[in-house]
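Listing of entry_33.cif; format and content: mmCIF, C-alpha atoms and all ligand atoms.
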data_final
#
loop_
_atom_site.group_PDB
_atom_site.id
_atom_site.type_symbol
_atom_site.label_atom_id
_atom_site.label_comp_id
_atom_site.auth_asym_id
_atom_site.auth_seq_id
_atom_site.Cartn_x
_atom_site.Cartn_y
_atom_site.Cartn_z
ATOM 1 C CA MET A 150 -4.445 14.740 23.835
ATOM 2 C CA SER A 151 -7.474 17.026 23.944
ATOM 3 C CA THR A 152 -10.991 15.701 23.399
ATOM 4 C CA ALA A 153 -11.208 17.835 20.260
ATOM 5 C CA THR A 154 -8.170 16.065 18.796
ATOM 6 C CA GLN A 155 -9.493 12.674 19.810
ATOM 7 C CA GLU A 156 -12.764 13.337 17.998
ATOM 8 C CA LYS A 157 -10.855 13.601 14.701
ATOM 9 C CA ILE A 158 -9.298 10.175 15.141
ATOM 10 C CA GLN A 159 -10.761 7.290 13.201
ATOM 11 C CA PHE A 160 -10.713 3.640 14.177
ATOM 12 C CA ASP A 161 -10.305 0.480 12.137
ATOM 13 C CA PRO A 162 -12.524 -2.339 13.330
ATOM 14 C CA GLY A 163 -9.928 -5.114 12.978
ATOM 15 C CA SER A 164 -10.568 -8.598 11.673
ATOM 16 C CA GLU A 165 -9.824 -12.210 12.306
ATOM 17 C CA MET A 166 -6.490 -13.851 11.482
ATOM 18 C CA HIS A 167 -5.934 -15.142 7.956
ATOM 19 C CA ALA A 168 -5.070 -18.726 6.995
ATOM 20 C CA PRO A 169 -1.243 -18.975 6.867
ATOM 21 C CA GLU A 170 -1.472 -20.760 3.486
ATOM 22 C CA LEU A 171 -2.637 -17.523 1.867
ATOM 23 C CA TYR A 172 0.899 -16.166 2.049
ATOM 24 C CA ARG A 173 3.425 -18.781 0.968
ATOM 25 C CA PRO A 174 5.584 -17.081 -1.666
ATOM 26 C CA VAL A 175 7.474 -19.407 -3.988
ATOM 27 C CA ALA A 176 10.087 -16.851 -5.069
ATOM 28 C CA THR A 177 11.496 -13.395 -4.463
ATOM 29 C CA GLY A 178 10.468 -10.690 -6.879
ATOM 30 C CA HIS A 179 12.683 -9.214 -9.561
ATOM 31 C CA GLY A 180 14.212 -5.790 -9.271
ATOM 32 C CA VAL A 181 17.007 -3.340 -9.889
ATOM 33 C CA GLU A 182 19.162 -1.348 -7.488
ATOM 34 C CA HIS A 183 18.366 2.254 -8.436
ATOM 35 C CA LEU A 184 15.641 4.220 -10.204
ATOM 36 C CA GLU A 185 18.245 5.254 -12.790
ATOM 37 C CA ASP A 186 18.713 1.571 -13.696
ATOM 38 C CA ILE A 187 15.206 1.395 -15.172
ATOM 39 C CA GLY A 188 15.498 1.203 -18.950
ATOM 40 C CA PRO A 189 13.484 -0.416 -21.748
ATOM 41 C CA ALA A 190 14.106 -3.983 -20.450
ATOM 42 C CA GLU A 191 12.787 -3.091 -16.995
ATOM 43 C CA ILE A 192 9.766 -1.300 -18.443
ATOM 44 C CA ALA A 193 9.063 -4.409 -20.541
ATOM 45 C CA PHE A 194 9.408 -6.543 -17.397
ATOM 46 C CA TYR A 195 6.910 -4.318 -15.566
ATOM 47 C CA ARG A 196 4.408 -4.572 -18.403
ATOM 48 C CA GLU A 197 4.708 -8.347 -18.574
ATOM 49 C CA HIS A 198 4.864 -9.153 -14.855
ATOM 50 C CA GLY A 199 2.965 -6.184 -13.406
ATOM 51 C CA TYR A 200 5.626 -5.108 -10.917
ATOM 52 C CA LEU A 201 9.262 -4.149 -10.424
ATOM 53 C CA MET A 202 11.283 -3.698 -7.245
ATOM 54 C CA VAL A 203 13.855 -0.911 -6.844
ATOM 55 C CA ARG A 204 16.042 -1.934 -3.952
ATOM 56 C CA GLN A 205 17.746 1.390 -3.185
ATOM 57 C CA ALA A 206 15.396 3.996 -4.583
ATOM 58 C CA PHE A 207 15.985 6.642 -1.945
ATOM 59 C CA THR A 208 19.056 7.624 0.041
ATOM 60 C CA PRO A 209 19.305 6.732 3.748
ATOM 61 C CA GLY A 210 18.849 10.452 4.504
ATOM 62 C CA GLU A 211 15.664 10.781 2.416
ATOM 63 C CA THR A 212 14.275 7.601 3.958
ATOM 64 C CA ALA A 213 15.086 8.612 7.538
ATOM 65 C CA ASP A 214 13.507 12.030 6.938
ATOM 66 C CA ALA A 215 10.319 10.443 5.607
ATOM 67 C CA LEU A 216 10.140 8.056 8.558
ATOM 68 C CA GLN A 217 10.566 10.957 10.968
ATOM 69 C CA GLY A 218 7.806 12.821 9.097
ATOM 70 C CA LEU A 219 5.470 9.856 9.575
ATOM 71 C CA VAL A 220 6.353 9.444 13.253
ATOM 72 C CA ASP A 221 5.820 13.166 13.879
ATOM 73 C CA LEU A 222 2.287 12.871 12.485
ATOM 74 C CA ILE A 223 1.607 9.740 14.546
ATOM 75 C CA VAL A 224 2.712 11.305 17.803
ATOM 76 C CA GLY A 225 0.545 14.354 17.137
ATOM 77 C CA LYS A 226 3.034 17.069 16.180
ATOM 78 C CA ARG A 227 0.479 18.419 13.681
ATOM 79 C CA PRO A 228 -2.746 18.778 15.661
ATOM 80 C CA ASP A 229 -4.568 19.860 12.467
ATOM 81 C CA PHE A 230 -3.815 16.501 10.769
ATOM 82 C CA ASN A 231 -6.851 14.209 10.898
ATOM 83 C CA GLY A 232 -5.768 11.276 8.753
ATOM 84 C CA LEU A 233 -4.884 8.858 11.564
ATOM 85 C CA HIS A 234 -6.670 5.520 11.885
ATOM 86 C CA PHE A 235 -6.037 3.748 15.160
ATOM 87 C CA GLU A 236 -6.817 0.124 15.879
ATOM 88 C CA ALA A 237 -10.297 -0.053 17.412
ATOM 89 C CA LYS A 238 -8.833 -2.021 20.309
ATOM 90 C CA ALA A 239 -6.875 1.090 21.354
ATOM 91 C CA LYS A 240 -9.922 3.369 21.486
ATOM 92 C CA ASP A 241 -10.221 3.737 25.226
ATOM 93 C CA ILE A 242 -6.530 3.971 26.001
ATOM 94 C CA ILE A 243 -5.232 6.435 23.403
ATOM 95 C CA PRO A 244 -4.963 9.370 25.826
ATOM 96 C CA THR A 245 -2.877 7.222 28.167
ATOM 97 C CA LEU A 246 -0.353 6.042 25.546
ATOM 98 C CA SER A 247 3.226 7.302 25.452
ATOM 99 C CA PRO A 248 4.434 8.486 22.011
ATOM 100 C CA GLU A 249 6.237 5.160 21.617
ATOM 101 C CA GLN A 250 3.132 3.135 22.490
ATOM 102 C CA ARG A 251 1.020 5.322 20.195
ATOM 103 C CA GLN A 252 3.119 4.193 17.242
ATOM 104 C CA ASP A 253 2.058 0.616 17.857
ATOM 105 C CA ALA A 254 -1.654 1.400 18.151
ATOM 106 C CA ILE A 255 -1.904 2.823 14.606
ATOM 107 C CA ARG A 256 -3.275 0.971 11.599
ATOM 108 C CA LYS A 257 -3.168 3.593 8.877
ATOM 109 C CA LEU A 258 -2.477 7.197 7.926
ATOM 110 C CA TRP A 259 -3.716 8.913 4.812
ATOM 111 C CA HIS A 260 -3.910 12.285 3.084
ATOM 112 C CA PHE A 261 -0.691 13.333 4.778
ATOM 113 C CA VAL A 262 1.590 14.776 2.096
ATOM 114 C CA GLU A 263 0.295 18.307 2.587
ATOM 115 C CA PHE A 264 1.135 18.027 6.295
ATOM 116 C CA ASP A 265 4.771 17.067 5.977
ATOM 117 C CA ALA A 266 7.300 18.316 3.422
ATOM 118 C CA ARG A 267 9.502 15.231 3.875
ATOM 119 C CA LEU A 268 6.672 12.878 2.900
ATOM 120 C CA LYS A 269 5.699 15.111 0.003
ATOM 121 C CA ALA A 270 9.306 15.160 -1.187
ATOM 122 C CA LEU A 271 9.332 11.377 -1.681
ATOM 123 C CA SER A 272 5.970 11.383 -3.469
ATOM 124 C CA HIS A 273 7.210 14.049 -5.891
ATOM 125 C CA HIS A 274 10.799 12.848 -6.181
ATOM 126 C CA PRO A 275 11.901 13.803 -9.722
ATOM 127 C CA LYS A 276 13.562 10.417 -10.368
ATOM 128 C CA LEU A 277 10.405 8.587 -9.279
ATOM 129 C CA LEU A 278 8.090 10.826 -11.294
ATOM 130 C CA ALA A 279 10.219 10.280 -14.404
ATOM 131 C CA VAL A 280 9.751 6.498 -14.093
ATOM 132 C CA ILE A 281 6.018 6.798 -13.401
ATOM 133 C CA ARG A 282 5.636 9.030 -16.431
ATOM 134 C CA THR A 283 7.082 6.312 -18.635
ATOM 135 C CA LEU A 284 4.922 3.622 -17.023
ATOM 136 C CA ILE A 285 1.693 5.524 -17.637
ATOM 137 C CA GLY A 286 2.376 6.116 -21.310
ATOM 138 C CA ASP A 287 4.522 9.259 -21.321
ATOM 139 C CA LYS A 288 1.883 11.445 -19.704
ATOM 140 C CA PRO A 289 2.354 13.819 -16.764
ATOM 141 C CA PRO A 290 1.615 11.848 -13.587
ATOM 142 C CA PHE A 291 -0.874 12.924 -10.989
ATOM 143 C CA MET A 292 -0.619 11.510 -7.457
ATOM 144 C CA PHE A 293 -4.185 10.870 -6.379
ATOM 145 C CA GLN A 294 -3.687 8.877 -3.190
ATOM 146 C CA ASP A 295 -1.212 8.851 -0.322
ATOM 147 C CA MET A 296 -1.503 6.417 2.536
ATOM 148 C CA ALA A 297 0.618 4.379 4.905
ATOM 149 C CA LEU A 298 -0.223 1.037 6.476
ATOM 150 C CA ILE A 299 1.545 0.361 9.750
ATOM 151 C CA LYS A 300 2.181 -3.121 11.078
ATOM 152 C CA PRO A 301 3.234 -3.021 14.719
ATOM 153 C CA PRO A 302 5.378 -5.923 15.994
ATOM 154 C CA ARG A 303 3.366 -9.139 16.487
ATOM 155 C CA LEU A 304 0.071 -7.252 16.062
ATOM 156 C CA GLY A 305 0.121 -5.681 12.594
ATOM 157 C CA ARG A 306 -2.846 -7.009 10.692
ATOM 158 C CA GLU A 307 -3.105 -8.496 7.245
ATOM 159 C CA LYS A 308 -4.178 -6.513 4.184
ATOM 160 C CA PRO A 309 -5.979 -9.283 2.284
ATOM 161 C CA TRP A 310 -5.385 -10.019 -1.410
ATOM 162 C CA HIS A 311 -6.925 -7.329 -3.604
ATOM 163 C CA GLN A 312 -6.402 -5.158 -6.668
ATOM 164 C CA ASP A 313 -6.030 -1.461 -5.946
ATOM 165 C CA HIS A 314 -8.007 -0.504 -9.055
ATOM 166 C CA ALA A 315 -11.030 -2.104 -7.328
ATOM 167 C CA TYR A 316 -10.940 0.828 -4.890
ATOM 168 C CA PHE A 317 -10.613 3.633 -7.438
ATOM 169 C CA ASP A 318 -13.350 5.168 -9.574
ATOM 170 C CA PHE A 319 -11.293 5.236 -12.751
ATOM 171 C CA PRO A 320 -12.364 3.661 -16.042
ATOM 172 C CA LEU A 321 -10.872 0.259 -16.710
ATOM 173 C CA GLY A 322 -7.804 0.735 -18.893
ATOM 174 C CA THR A 323 -6.595 3.781 -16.949
ATOM 175 C CA PRO A 324 -2.915 3.192 -16.266
ATOM 176 C CA VAL A 325 -2.648 3.243 -12.462
ATOM 177 C CA VAL A 326 0.747 2.761 -10.820
ATOM 178 C CA GLY A 327 1.147 1.963 -7.135
ATOM 179 C CA VAL A 328 4.404 2.795 -5.371
ATOM 180 C CA TRP A 329 5.039 1.049 -2.060
ATOM 181 C CA ILE A 330 8.033 2.382 -0.119
ATOM 182 C CA ALA A 331 9.636 0.491 2.768
ATOM 183 C CA LEU A 332 10.588 2.686 5.727
ATOM 184 C CA ASP A 333 11.593 -0.310 7.871
ATOM 185 C CA GLU A 334 13.089 -3.462 6.488
ATOM 186 C CA ALA A 335 10.105 -5.376 5.080
ATOM 187 C CA THR A 336 10.350 -9.165 5.196
ATOM 188 C CA VAL A 337 7.975 -12.079 4.735
ATOM 189 C CA ALA A 338 7.815 -12.391 8.545
ATOM 190 C CA ASN A 339 6.815 -8.792 9.220
ATOM 191 C CA GLY A 340 4.393 -8.472 6.313
ATOM 192 C CA CYS A 341 6.129 -7.386 3.108
ATOM 193 C CA MET A 342 4.168 -7.185 -0.110
ATOM 194 C CA GLN A 343 3.286 -10.401 -1.941
ATOM 195 C CA LEU A 344 2.206 -10.374 -5.574
ATOM 196 C CA LEU A 345 0.645 -12.669 -8.112
ATOM 197 C CA ASP A 346 3.308 -12.445 -10.811
ATOM 198 C CA GLY A 347 1.614 -11.480 -14.094
ATOM 199 C CA GLY A 348 -1.820 -11.535 -12.413
ATOM 200 C CA HIS A 349 -2.666 -8.042 -13.685
ATOM 201 C CA ARG A 350 -3.057 -9.476 -17.195
ATOM 202 C CA ALA A 351 -6.130 -11.471 -16.099
ATOM 203 C CA GLY A 352 -7.994 -8.162 -15.665
ATOM 204 C CA PRO A 353 -10.408 -7.184 -12.912
ATOM 205 C CA GLN A 354 -11.231 -9.757 -10.236
ATOM 206 C CA ILE A 355 -14.419 -9.858 -8.226
ATOM 207 C CA HIS A 356 -14.008 -8.444 -4.714
ATOM 208 C CA PHE A 357 -16.097 -9.407 -1.677
ATOM 209 C CA GLN A 358 -16.562 -7.750 1.707
ATOM 210 C CA LYS A 359 -14.915 -10.321 3.990
ATOM 211 C CA ARG A 360 -11.991 -9.431 6.265
ATOM 212 C CA ASP A 361 -11.763 -6.369 3.994
ATOM 213 C CA TRP A 362 -12.885 -5.560 0.429
ATOM 214 C CA GLN A 363 -10.875 -8.381 -1.084
ATOM 215 C CA ILE A 364 -10.456 -11.212 -3.563
ATOM 216 C CA CYS A 365 -11.963 -14.435 -2.214
ATOM 217 C CA ASP A 366 -9.473 -16.502 -0.179
ATOM 218 C CA THR A 367 -10.366 -19.671 -2.088
ATOM 219 C CA GLN A 368 -9.138 -18.025 -5.282
ATOM 220 C CA MET A 369 -5.786 -17.172 -3.703
ATOM 221 C CA LEU A 370 -5.071 -20.355 -1.739
ATOM 222 C CA GLY A 371 -2.153 -22.118 -3.371
ATOM 223 C CA ALA A 372 -1.377 -19.136 -5.633
ATOM 224 C CA GLN A 373 2.199 -19.023 -6.901
ATOM 225 C CA SER A 374 3.021 -15.671 -5.375
ATOM 226 C CA VAL A 375 6.294 -13.782 -5.179
ATOM 227 C CA ALA A 376 7.476 -11.805 -2.163
ATOM 228 C CA ALA A 377 8.862 -8.269 -2.360
ATOM 229 C CA PRO A 378 11.197 -7.972 0.629
ATOM 230 C CA LEU A 379 12.830 -4.562 0.763
ATOM 231 C CA LYS A 380 15.309 -2.677 2.897
ATOM 232 C CA PRO A 381 14.400 0.842 4.072
ATOM 233 C CA GLY A 382 14.370 3.172 1.074
ATOM 234 C CA GLY A 383 13.529 0.376 -1.356
ATOM 235 C CA LEU A 384 10.308 0.517 -3.324
ATOM 236 C CA LEU A 385 7.919 -1.601 -5.314
ATOM 237 C CA LEU A 386 6.195 -0.370 -8.471
ATOM 238 C CA PHE A 387 3.022 -2.284 -9.272
ATOM 239 C CA ASP A 388 0.144 -2.162 -11.707
ATOM 240 C CA GLY A 389 -3.291 -1.128 -10.414
ATOM 241 C CA LEU A 390 -4.657 -4.524 -11.505
ATOM 242 C CA MET A 391 -1.936 -6.537 -9.753
ATOM 243 C CA PRO A 392 -3.431 -8.875 -7.101
ATOM 244 C CA HIS A 393 -1.413 -8.311 -3.946
ATOM 245 C CA GLY A 394 -1.672 -8.659 -0.198
ATOM 246 C CA THR A 395 0.386 -8.501 2.971
ATOM 247 C CA PRO A 396 0.223 -10.992 5.855
ATOM 248 C CA HIS A 397 0.018 -10.408 9.574
ATOM 249 C CA ASN A 398 3.264 -9.210 11.187
ATOM 250 C CA SER A 399 4.392 -12.243 13.168
ATOM 251 C CA SER A 400 7.819 -10.774 13.955
ATOM 252 C CA PRO A 401 9.144 -8.613 16.808
ATOM 253 C CA ASN A 402 9.897 -5.812 14.311
ATOM 254 C CA ARG A 403 7.852 -2.854 13.099
ATOM 255 C CA ARG A 404 6.829 -2.663 9.457
ATOM 256 C CA ARG A 405 6.092 0.886 8.348
ATOM 257 C CA ALA A 406 5.622 1.719 4.680
ATOM 258 C CA LEU A 407 4.238 4.446 2.445
ATOM 259 C CA GLN A 408 1.990 3.900 -0.529
ATOM 260 C CA TYR A 409 1.388 6.431 -3.273
ATOM 261 C CA HIS A 410 -0.807 6.005 -6.344
ATOM 262 C CA TYR A 411 -0.454 7.763 -9.657
ATOM 263 C CA ALA A 412 -2.537 8.073 -12.833
ATOM 264 C CA PRO A 413 -2.268 10.377 -15.855
ATOM 265 C CA GLU A 414 -3.004 13.970 -14.921
ATOM 266 C CA ASN A 415 -5.956 14.239 -17.317
ATOM 267 C CA VAL A 416 -7.728 11.091 -16.033
ATOM 268 C CA VAL A 417 -11.532 11.385 -15.936
ATOM 269 C CA LYS A 418 -13.276 9.525 -13.138
ATOM 270 C CA CYS A 419 -16.046 6.975 -13.700
ATOM 271 C CA SER A 420 -19.029 6.320 -11.448
ATOM 272 C CA THR A 421 -18.829 3.907 -8.533
ATOM 273 C CA ASP A 422 -21.501 1.794 -10.249
ATOM 274 C CA GLU A 423 -19.275 1.510 -13.307
ATOM 275 C CA ARG A 424 -16.355 0.392 -11.121
ATOM 276 C CA LEU A 425 -18.503 -2.162 -9.306
ATOM 277 C CA LYS A 426 -19.683 -3.594 -12.621
ATOM 278 C CA HIS A 427 -16.133 -4.879 -12.990
ATOM 279 C CA PHE A 428 -15.015 -5.483 -9.412
ATOM 280 C CA GLY A 429 -18.194 -6.007 -7.367
ATOM 281 C CA SER A 430 -20.021 -9.284 -6.752
ATOM 282 C CA GLU A 431 -23.544 -7.850 -6.893
ATOM 283 C CA GLY A 432 -25.789 -9.382 -9.539
ATOM 284 C CA LYS A 433 -23.189 -11.923 -10.645
ATOM 285 C CA ASN A 434 -24.484 -15.021 -8.836
ATOM 286 C CA VAL A 435 -21.146 -15.573 -7.114
ATOM 287 C CA THR A 436 -20.349 -16.240 -3.474
ATOM 288 C CA CYS A 437 -17.242 -16.380 -1.361
HETATM 289 O O1 LIG B 1 1.115 -1.829 3.232
HETATM 290 C C1 LIG B 1 0.453 -2.860 3.191
HETATM 291 O O2 LIG B 1 0.531 -3.718 4.064
HETATM 292 C C2 LIG B 1 -0.483 -3.136 2.046
HETATM 293 C C3 LIG B 1 -0.980 -1.917 1.412
HETATM 294 C C4 LIG B 1 -1.925 -2.207 0.312
HETATM 295 O O3 LIG B 1 -1.806 -3.146 -0.408
HETATM 296 C C5 LIG B 1 -3.040 -1.318 0.084
HETATM 297 O O4 LIG B 1 -3.415 -0.583 0.995
HETATM 298 O O5 LIG B 1 -3.587 -1.347 -1.028
#
I need this file expressed as structure tokens, please.
Amino acid sequence: MSTATQEKIQFDPGSEMHAPELYRPVATGHGVEHLEDIGPAEIAFYREHGYLMVRQAFTPGETADALQGLVDLIVGKRPDFNGLHFEAKAKDIIPTLSPEQRQDAIRKLWHFVEFDARLKALSHHPKLLAVIRTLIGDKPPFMFQDMALIKPPRLGREKPWHQDHAYFDFPLGTPVVGVWIALDEATVANGCMQLLDGGHRAGPQIHFQKRDWQICDTQMLGAQSVAAPLKPGGLLLFDGLMPHGTPHNSSPNRRRALQYHYAPENVVKCSTDERLKHFGSEGKNVTC
């Protein structure tokens, strides 16, 4: 890799290990097999519980293509792509890594859909967009974020409990839908999504800068969470206010997944101060 390419790479600082008790799901989440199976009962379930799994959303071919698209970006097949975040620990050894080793030194990719048609195809899949449209109140959906968190075997770090809306400068009440797509089999052991069933109805939660910008651990300890294990090509739909997190990958298997976020096309952004009024801890006399 040239020095010029290396300069574009970003690094994630890493963080300490989480308490295992933060991720003790009491049940497996509810879902359907195919996107076409989503009807009024499933939409009602999503509104009430804040999530819905779709176990076979994409075909094996579509899923394999998307995975190959992601791997191609990781191994540097698009030198103009600068959305890679490596683990800080890998900083000094990146030029020495084989393509295979490089895959396990990555934390995150983002802003990639314009760099790979296979990844864009999933984000704009007509069957998926039709469902999102219904979930956001029959408005044309606009995909405003694409990212992928990678959990290498044994090393993949936690994404602490949080609400995605806490990261987005959209007015409260904007219908935001997250779509999390498994490219490998995602299990509790390798860090599948865990959700606080119905937790979106409690509204915005205060976030603190701890291991990440997150909900305080003490609030989540002992939470009755559900797990969303998925086979490759399965997906999870979840509300922007749904508290969710993923544990450390303690397994020998990779866990690669895509995450896309959608809002109505005509959404008007709010200021960061306005967002922090709801999700930030400043000025609220709270600690974590
Ligand atoms: O893929 C993961 O491990 C979690 C992703 C997530 O929740 C997020 O980035 O908001």
Evaluate the PyMOL selection byres (((chain A and resi 326) around 6) and not hetatm) on the structure here and hand back the selected residues as a list of chain:residue names.
A:Val325, A:Gly327, A:Phe387, A:Asp388, A:Gly389, A:His410, A:Tyr411
Can you list, as a ChimeraX atom specification, the residues that the PyMOL selection byres (((not hetatm)) within 7 of (chain B and resi 1)) selects here?
/A:297-299,307-308,313,340-342,393-395,406,408
Write out the residues from the selection above, keeping C-alpha atoms, as a compact mmCIF listing (two decimals), keeping the file's coordinate frame.
# COMPACT_ATOMS: atom_id res chain seq x y z
CA ALA A 297 0.62 4.38 4.90
CA LEU A 298 -0.22 1.04 6.48
CA ILE A 299 1.54 0.36 9.75
CA GLU A 307 -3.10 -8.50 7.24
CA LYS A 308 -4.18 -6.51 4.18
CA ASP A 313 -6.03 -1.46 -5.95
CA GLY A 340 4.39 -8.47 6.31
CA CYS A 341 6.13 -7.39 3.11
CA MET A 342 4.17 -7.18 -0.11
CA HIS A 393 -1.41 -8.31 -3.95
CA GLY A 394 -1.67 -8.66 -0.20
CA THR A 395 0.39 -8.50 2.97
CA ALA A 406 5.62 1.72 4.68
CA GLN A 408 1.99 3.90 -0.53
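Residues lying within 7 Å of Pro378 of chain A, counting only C-alpha atoms and ignoring same-chain neighbours fewer than 2 positions away, are Ala335, Thr336, Val337, Cys341 and Ala376 of chain A.
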Skipping near chain neighbours, those fewer than 4 positions away, what residues fall within 9 Å of Leu304 of chain A using all atoms listed in the file, listed as a list in words?
Asp253, Lys300, His397, Asn398, Ser399 and Ser400 of chain A
With only C-alpha atoms as the counted atoms, please give the residues lying no more than 10 Å from segment 177-179 of chain A, apart from itself and same-chain residues fewer than 4 positions off, as number ranges by chain.
A: 191, 194-195, 198, 200-204, 337, 342-344, 346, 374-378, 385
Any chance you could tabulate, as CSV, the residues of segment 395-421 of chain A at most 12 Å from segment 230-252 of chain A with each one's nearest atom pair and distance in Å to one decimal, using only C-alpha atoms, in chain and rising number order?
residue,atom,partner,partner_atom,distance
A:Arg403,CA,A:Gln252,CA,9.4
A:Arg404,CA,A:Gln252,CA,11.0
A:Arg405,CA,A:Gln252,CA,9.9
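For the set A:Thr283, A:Gln294, A:Gln373, A:Gln312, the residue with the smallest atom-to-atom gap to Gly352 of chain A is A:Gln312, counting only C-alpha atoms.
Proximity ranking of A:Lys226, A:Arg350, A:Arg282, A:Arg256 relative to Gly322 of chain A places A:Arg350 first, based on only C-alpha atoms.
Nearest to Thr436 of chain A of all the residues A:Tyr409, A:Phe357, A:Trp362, A:Trp310 is A:Phe357, based on only C-alpha atoms.
Taking atom CA of Lys257 of chain A as the reference point, atom CA of Gly347 of chain A is found at 27.9 Å.
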Report as a CSV table (one decimal) with C-alpha atoms, in the frame of the given file the full result of the PyMOL selection byres (((chain A and resi 212) around 12) and not hetatm) when it is applied to this structure.
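Here's the written file part.csv:
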chain,number,residue,atom,x,y,z
A,205,GLN,CA,17.7,1.4,-3.2
A,206,ALA,CA,15.4,4.0,-4.6
A,207,PHE,CA,16.0,6.6,-1.9
A,208,THR,CA,19.1,7.6,0.0
A,209,PRO,CA,19.3,6.7,3.7
A,210,GLY,CA,18.8,10.5,4.5
A,211,GLU,CA,15.7,10.8,2.4
A,213,ALA,CA,15.1,8.6,7.5
A,214,ASP,CA,13.5,12.0,6.9
A,215,ALA,CA,10.3,10.4,5.6
A,216,LEU,CA,10.1,8.1,8.6
A,217,GLN,CA,10.6,11.0,11.0
A,218,GLY,CA,7.8,12.8,9.1
A,219,LEU,CA,5.5,9.9,9.6
A,267,ARG,CA,9.5,15.2,3.9
A,268,LEU,CA,6.7,12.9,2.9
A,270,ALA,CA,9.3,15.2,-1.2
A,271,LEU,CA,9.3,11.4,-1.7
A,272,SER,CA,6.0,11.4,-3.5
A,274,HIS,CA,10.8,12.8,-6.2
A,330,ILE,CA,8.0,2.4,-0.1
A,331,ALA,CA,9.6,0.5,2.8
A,332,LEU,CA,10.6,2.7,5.7
A,333,ASP,CA,11.6,-0.3,7.9
A,334,GLU,CA,13.1,-3.5,6.5
A,380,LYS,CA,15.3,-2.7,2.9
A,381,PRO,CA,14.4,0.8,4.1
A,382,GLY,CA,14.4,3.2,1.1
A,383,GLY,CA,13.5,0.4,-1.4
A,384,LEU,CA,10.3,0.5,-3.3
A,405,ARG,CA,6.1,0.9,8.3
A,406,ALA,CA,5.6,1.7,4.7
A,407,LEU,CA,4.2,4.4,2.4
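Interatomic distance, atom CA of Gln159 of chain A against atom CA of Ala315 of chain A: 22.6 Å.
You will find atom CA of Glu165 of chain A at 9.9 Å from atom CA of Lys359 of chain A.
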Of the candidates A:Lys288, A:Arg303, A:His356, A:His349, which one gets nearest to Glu414 of chain A if we count all atoms listed in the file?
A:Lys288
